[in-house]
Amino acid sequence: MVAIAAAGVAGVVAALLGLMAVPRRLRYGLRWLGARLWPRPPERLRAGHRRTPFGRLIRLVAGNPVAPLLTFGAIFVFVGTVLMFYMNNNNGTEFFVESEPENAIVYVRARGNLSIGQKDALVREVEEIVRTHPNVRNAFAFAGESGLNNNTGGAQPPRDTIGQVQVELVKWKDRPKVSETWFTLPLIGTEVARDVVAPEADGDRTIDELTAALSQIPGIRIEILALELGPASAKPVHLRIKGDDWDELVAFTEEVRHKFEQTRGLDLIEDTLPLPGIDWQIDVDVEKAGRFGADVATVGAMVQLVTRGLFLDTMRVPSSDEEIEIRVRLPKKDRVLSTLDTLRVRTEGGLVPLSNFVTRTPVEKLAQIDRIDQTRFFDVRAAVTAGLSKTVTDAAGDTRTVPITANERIATLTEWLESGVVPRGIGYEWTGDQEDQEESAAFLQKAFAGALGLMFIILLAQFNSVYNAVLVLAAVVLSTTGVLIGMLTMNQPFSIIMTGTGIVALAGIVVNNNIVLIDTYQEYSRYMPRIEAIIRTAEARIRPVLLTTITTMAGLTPMMLGISLDFAEGGYSVDSPTALWWKQLATAVVFGLGIATVLTLVFTPAMLALRVWAGTYLIWGARLVARLTTGRRSRLARDWALERAARRLRAPEIVWEDERDTETAFAPELGEDGPSLDEFRRVLGMRNGNPLKAAE
């Protein structure tokens with residue numbers, strides 16, 4: 001039975017294989033029949049190399065000494081035009097990419113000597129409003145100073161913060177979606193739709209709605225910080241004012257705060273000046289305390305019993321991983337300032353009231369003293385309102401619209417600070433995002449310069465030519481033109497982190513394309529003329545260069561458009577929070593590579609031909625210098641004039657009419673002024689000899 005089953009299975013497999021072979025045999029049969037009925041004429045063989053259209057283009061670029069110069073000038077004008085246009089029409093610069101918020105922190109700010117119960121009541125009221133919003137998924141709140149430094153936004157909370165509410169919004173993928181027209185296909189007019197987050201579920205809109213609702217609570221101020229997905233602090237405009245003169249420092253900080261409030265586009269302004277409030281200053285009369293046998297340390301310990309408690313030791317408990325402090329305090333009903341009037345301290349002479357040598361005075365609250373490099377400082381911080389722009393007029397009278405960004409506001413405020421308003425002895429510096437941005441930009445510049453240096457060393461060892469190595473690095477620099485075009489086309493700001501990283505990544509691909517061209521040129525130039533080697537190189541290597549470029553651009557285009565494919569569950573999404581991370585990096589690579597490839601296929605052959613024609617340029621330059629210095633009457637100028645005249649003169653055709661003696665054949669017809677035989681010999685010598693030599 002097993003043998004029969006095996007034979008049956010083998011028969012079925014053989015039948016299937018036979019059925020699969022039928023189409024192939026049928027195709028071969030039809031092809032054989034067609035060849036017999038309609039025989040093809042024999043293919044004509046062509047000898048020699050046939051120029052492709054691209055080869056003819058490179059022939060125009062590199063085949064004469066003038067074309068490389070024109071190509072270099074055209075590329076120089078193109079790059080300069082793009083740079084000037086970008087400087088006048090860019091969308092500003094940002095430190096990191098702004099993404100769709102999914103988490104936020106609500107700072108509850110209030111001033112005054114509030115108890116912890118009062119703070120908790122205000123924060124609880126804020127929490128109730130936050131939790132009722134339909135786009136809020138979770139909320140976690142606490143009041144008081146403990147935990148205020150648990151801010152994942154990268155910055156310290158405002159000084160007058162009494163509590164905060166950490167908010168988790170509905171995940172982006174779970175938000176309601178609506179369909180909208182993405183783009184319309186040309187010619188056929190078909191609209192392509194896409195699903196986007198409903199406007200009422202947008203994260204920024206949710207934060208605006210919460211801000212408007214919470215601002216109705218009397219007695220507090222609300223500040224909502226959307227947590228960034230990158231290394232950014234809470235407020236990008238961060239000015240630090242330093243000085244040793246306390247009164248001058250406070251006065252100028254207040255003036256800067258007033259300037260911030262008057263500056264358009266700045267919002268959520270705060271400073272680190274001492275908050276208004278009352279502190280109790282306890283003074284100990286050391287002389288009187290000594291008379292009663294008490295000391296300052298003993299008095300301080302008694303005061304701690306009334307306030308935070310007297311520290312004794314630490315201990316470990318099973319419910320905590322850290323040590324817990326052991327403090328001794330008076331009962332809760334006795335923790336008031338009036339207790340200091342009745343509290344007694346034990347001395348050698350017995351119990352002595354503290355009021356005999358201790359006085360308390362209400363003073364202005366100092367909060368805390370901040371120093372940097374042993375110098376006091378205050379900070380003034382502000383956020384920038386999104387979507388604002390302003391109109392500027394340049395020196396030529398042309399007006400243009402520029403967006404209001406953090407960098408633009410910092411530049412405006414720096415002009416005001418440099419106008420002479422800063423008092424003597426007061427210094428300032430921009431810190432926060434601006435400081436991080438400058439550090440990151442400096443690092444990327446060093447990394448880019450270091451990468452170019454390493455590339456130069458490797459290329460020099462490979463090509464054994466400084467000119468070719470510099471040519472490759474020049475192509476890398478030119479590739480940044482495409483990055484600027486991409487920023488303008490996609491209406492994106494220049495991101496220091498992501499766009500800068502894209503430029504560094506782009507350099508590797510551009511170097512690879514130029515290495516392919518120059519290495520092939522060096523190989524061809526060994527056994528053919530150099531101009532022909534340049535043309536053959538461009539024709540032979542355009543395919544791998546274009547394949548590398550097209551595949552890279554095609555792979556990064558969905559990322560540039562913000563399209564995320566879900567391979568697990570199917571479908572796609574547009575402009576998700578994670579996709580927004582990579583849009584600027586992908587834009588830099590796609591546009592930079594596209595422009596750089598076009599420039600490489602034209603610029604590199606032109607620069608290689610420029611080196612070939614260098615001798616011709618030297619001859620032209622030498623002749624120009626000689627003509628300008630020696631004059632038209634010099635011997636060298638006359639030799640050049642004879643050479644040009646001989647080059648334009650055609651070889652003469654002489655017809656002998658009779659057999660007369662050549663010495664006297666021309667004398668009767670031409671007379672005494674006719675050319676002599678020696679002159680005719682010199683003319684005849686122009687056919688096979690040097691024309692200039694014959695003219696001499």
# chains A, B, ... in the order shown; residues from 1 in each chain; ligands from 1

call {"tool": "residues_around", "arguments": {"residues": "Arg124 (chain A)", "least_positions_apart": "3", "cutoff": "9 Å", "atoms": "only C-alpha atoms", "output": "PyMOL selection string"}}
result
chain A and resi 119-121+127-129+141-143

call {"tool": "closest_atom_pairs", "arguments": {"of": "region 36-104 of chain A", "to": "region 200-222 of chain A", "cutoff": "9 Å", "atoms": "only C-alpha atoms", "output": "Markdown table"}}
result
| residue | atom | partner | partner_atom | distance |
| --- | --- | --- | --- | --- |
| A:Glu100 | CA | A:Gly203 | CA | 6.3 |
| A:Pro101 | CA | A:Gly203 | CA | 5.4 |
| A:Glu102 | CA | A:Gly203 | CA | 6.6 |
| A:Asn103 | CA | A:Gly203 | CA | 8.8 |
| A:Ala104 | CA | A:Ile207 | CA | 8.2 |

call {"tool": "select_by_dssp", "arguments": {"residues": "region 372-547 of chain A", "states": "strand (DSSP E or B)", "output": "list of chain:residue names"}}
result
A:Ile372, A:Thr375, A:Arg376, A:Phe377, A:Phe378, A:Asp379, A:Val380, A:Arg381, A:Ala382, A:Ala383, A:Val384, A:Ser389, A:Lys390, A:Thr391, A:Val392, A:Thr393, A:Thr399, A:Arg400, A:Thr401, A:Val402, A:Pro403, A:Ile426, A:Gly427, A:Tyr428, A:Glu429, A:Trp430, A:Phe494, A:Ser495

call {"tool": "select_by_dssp", "arguments": {"residues": "region 60-112 of chain A", "states": "alpha helix (DSSP H)", "output": "list in words"}}
result
Leu60, Val61, Ala62, Ala67, Pro68, Leu69, Leu70, Thr71, Phe72, Gly73, Ala74, Ile75, Phe76, Val77, Phe78, Val79, Gly80, Thr81, Val82, Leu83, Met84, Phe85, Tyr86, Met87, Asn88 and Asn89 of chain A

call {"tool": "closest_residue", "arguments": {"among": "A:Arg327, A:Arg536, A:Lys583, A:Lys333", "to": "Met490 (chain A)", "atoms": "only C-alpha atoms"}}
result
A:Lys583

call {"tool": "residues_around", "arguments": {"residues": "region 552-560 of chain A", "least_positions_apart": "4", "cutoff": "6 Å", "atoms": "only C-alpha atoms", "output": "ChimeraX atom specification"}}
result
/A:583,586-587,590

call {"tool": "write_last_selection", "arguments": {"atoms": "C-alpha atoms", "output": "compact mmCIF listing (two decimals), in the first residue's frame"}}
result
# COMPACT_ATOMS: atom_id res chain seq x y z
CA LYS A 583 11.27 64.17 7.95
CA ALA A 586 15.22 62.40 4.97
CA THR A 587 14.54 65.69 3.16
CA VAL A 590 16.77 63.10 -0.79

call {"tool": "residues_around", "arguments": {"residues": "Gly92 (chain A)", "least_positions_apart": "4", "cutoff": "9 Å", "atoms": "only C-alpha atoms", "output": "list in words"}}
result
Val402, Pro403, Ile404, Thr405, Ala406, Asn407, Glu408, Gln492, Pro493, Phe494 and Ser495 of chain A

call {"tool": "residues_around", "arguments": {"residues": "Pro65 (chain A)", "least_positions_apart": "5", "cutoff": "8 Å", "atoms": "only C-alpha atoms", "output": "PyMOL selection string"}}
result
chain A and resi 609-610+613+616-617

call {"tool": "write_last_selection", "arguments": {"atoms": "all heavy atoms", "output": "compact mmCIF listing (two decimals), in the first residue's frame"}}
result
# COMPACT_ATOMS: atom_id res chain seq x y z
N ALA A 609 38.21 67.82 -17.11
CA ALA A 609 38.64 68.43 -18.38
C ALA A 609 39.38 69.74 -18.14
O ALA A 609 40.28 70.10 -18.91
CB ALA A 609 37.42 68.66 -19.28
N LEU A 610 39.00 70.45 -17.09
CA LEU A 610 39.69 71.70 -16.77
C LEU A 610 41.17 71.45 -16.51
O LEU A 610 42.03 72.26 -16.90
CB LEU A 610 39.04 72.34 -15.54
CG LEU A 610 39.38 73.80 -15.25
CD1 LEU A 610 38.83 74.70 -16.33
CD2 LEU A 610 38.83 74.20 -13.88
N TRP A 613 42.89 70.83 -19.92
CA TRP A 613 43.10 72.05 -20.70
C TRP A 613 43.92 73.09 -19.95
O TRP A 613 44.00 74.23 -20.40
CB TRP A 613 41.75 72.66 -21.08
CG TRP A 613 40.91 71.81 -21.97
CD1 TRP A 613 39.78 71.16 -21.66
CD2 TRP A 613 41.16 71.53 -23.35
NE1 TRP A 613 39.27 70.47 -22.73
CE2 TRP A 613 40.11 70.69 -23.80
CE3 TRP A 613 42.15 71.90 -24.26
CZ2 TRP A 613 40.04 70.21 -25.10
CZ3 TRP A 613 42.07 71.42 -25.56
CH2 TRP A 613 41.04 70.59 -25.97
N THR A 616 46.58 74.69 -22.07
CA THR A 616 46.05 75.68 -23.01
C THR A 616 45.78 77.01 -22.32
O THR A 616 46.06 78.08 -22.88
CB THR A 616 44.76 75.14 -23.65
OG1 THR A 616 45.03 73.88 -24.27
CG2 THR A 616 44.23 76.10 -24.69
N TYR A 617 45.24 76.94 -21.09
CA TYR A 617 44.98 78.17 -20.36
C TYR A 617 46.28 78.91 -20.04
O TYR A 617 46.33 80.15 -20.08
CB TYR A 617 44.23 77.86 -19.06
CG TYR A 617 42.91 77.14 -19.27
CD1 TYR A 617 42.46 76.19 -18.36
CD2 TYR A 617 42.12 77.42 -20.38
CE1 TYR A 617 41.26 75.53 -18.54
CE2 TYR A 617 40.91 76.76 -20.57
CZ TYR A 617 40.50 75.81 -19.66
OH TYR A 617 39.32 75.16 -19.86

call {"tool": "residues_around", "arguments": {"residues": "Phe140 (chain A)", "least_positions_apart": "3", "cutoff": "12 Å", "atoms": "only C-alpha atoms", "output": "VMD selection string"}}
result
chain A and resid 103 to 106 123 to 124 126 to 128 130 to 131 136 to 137 143 147 163 to 169
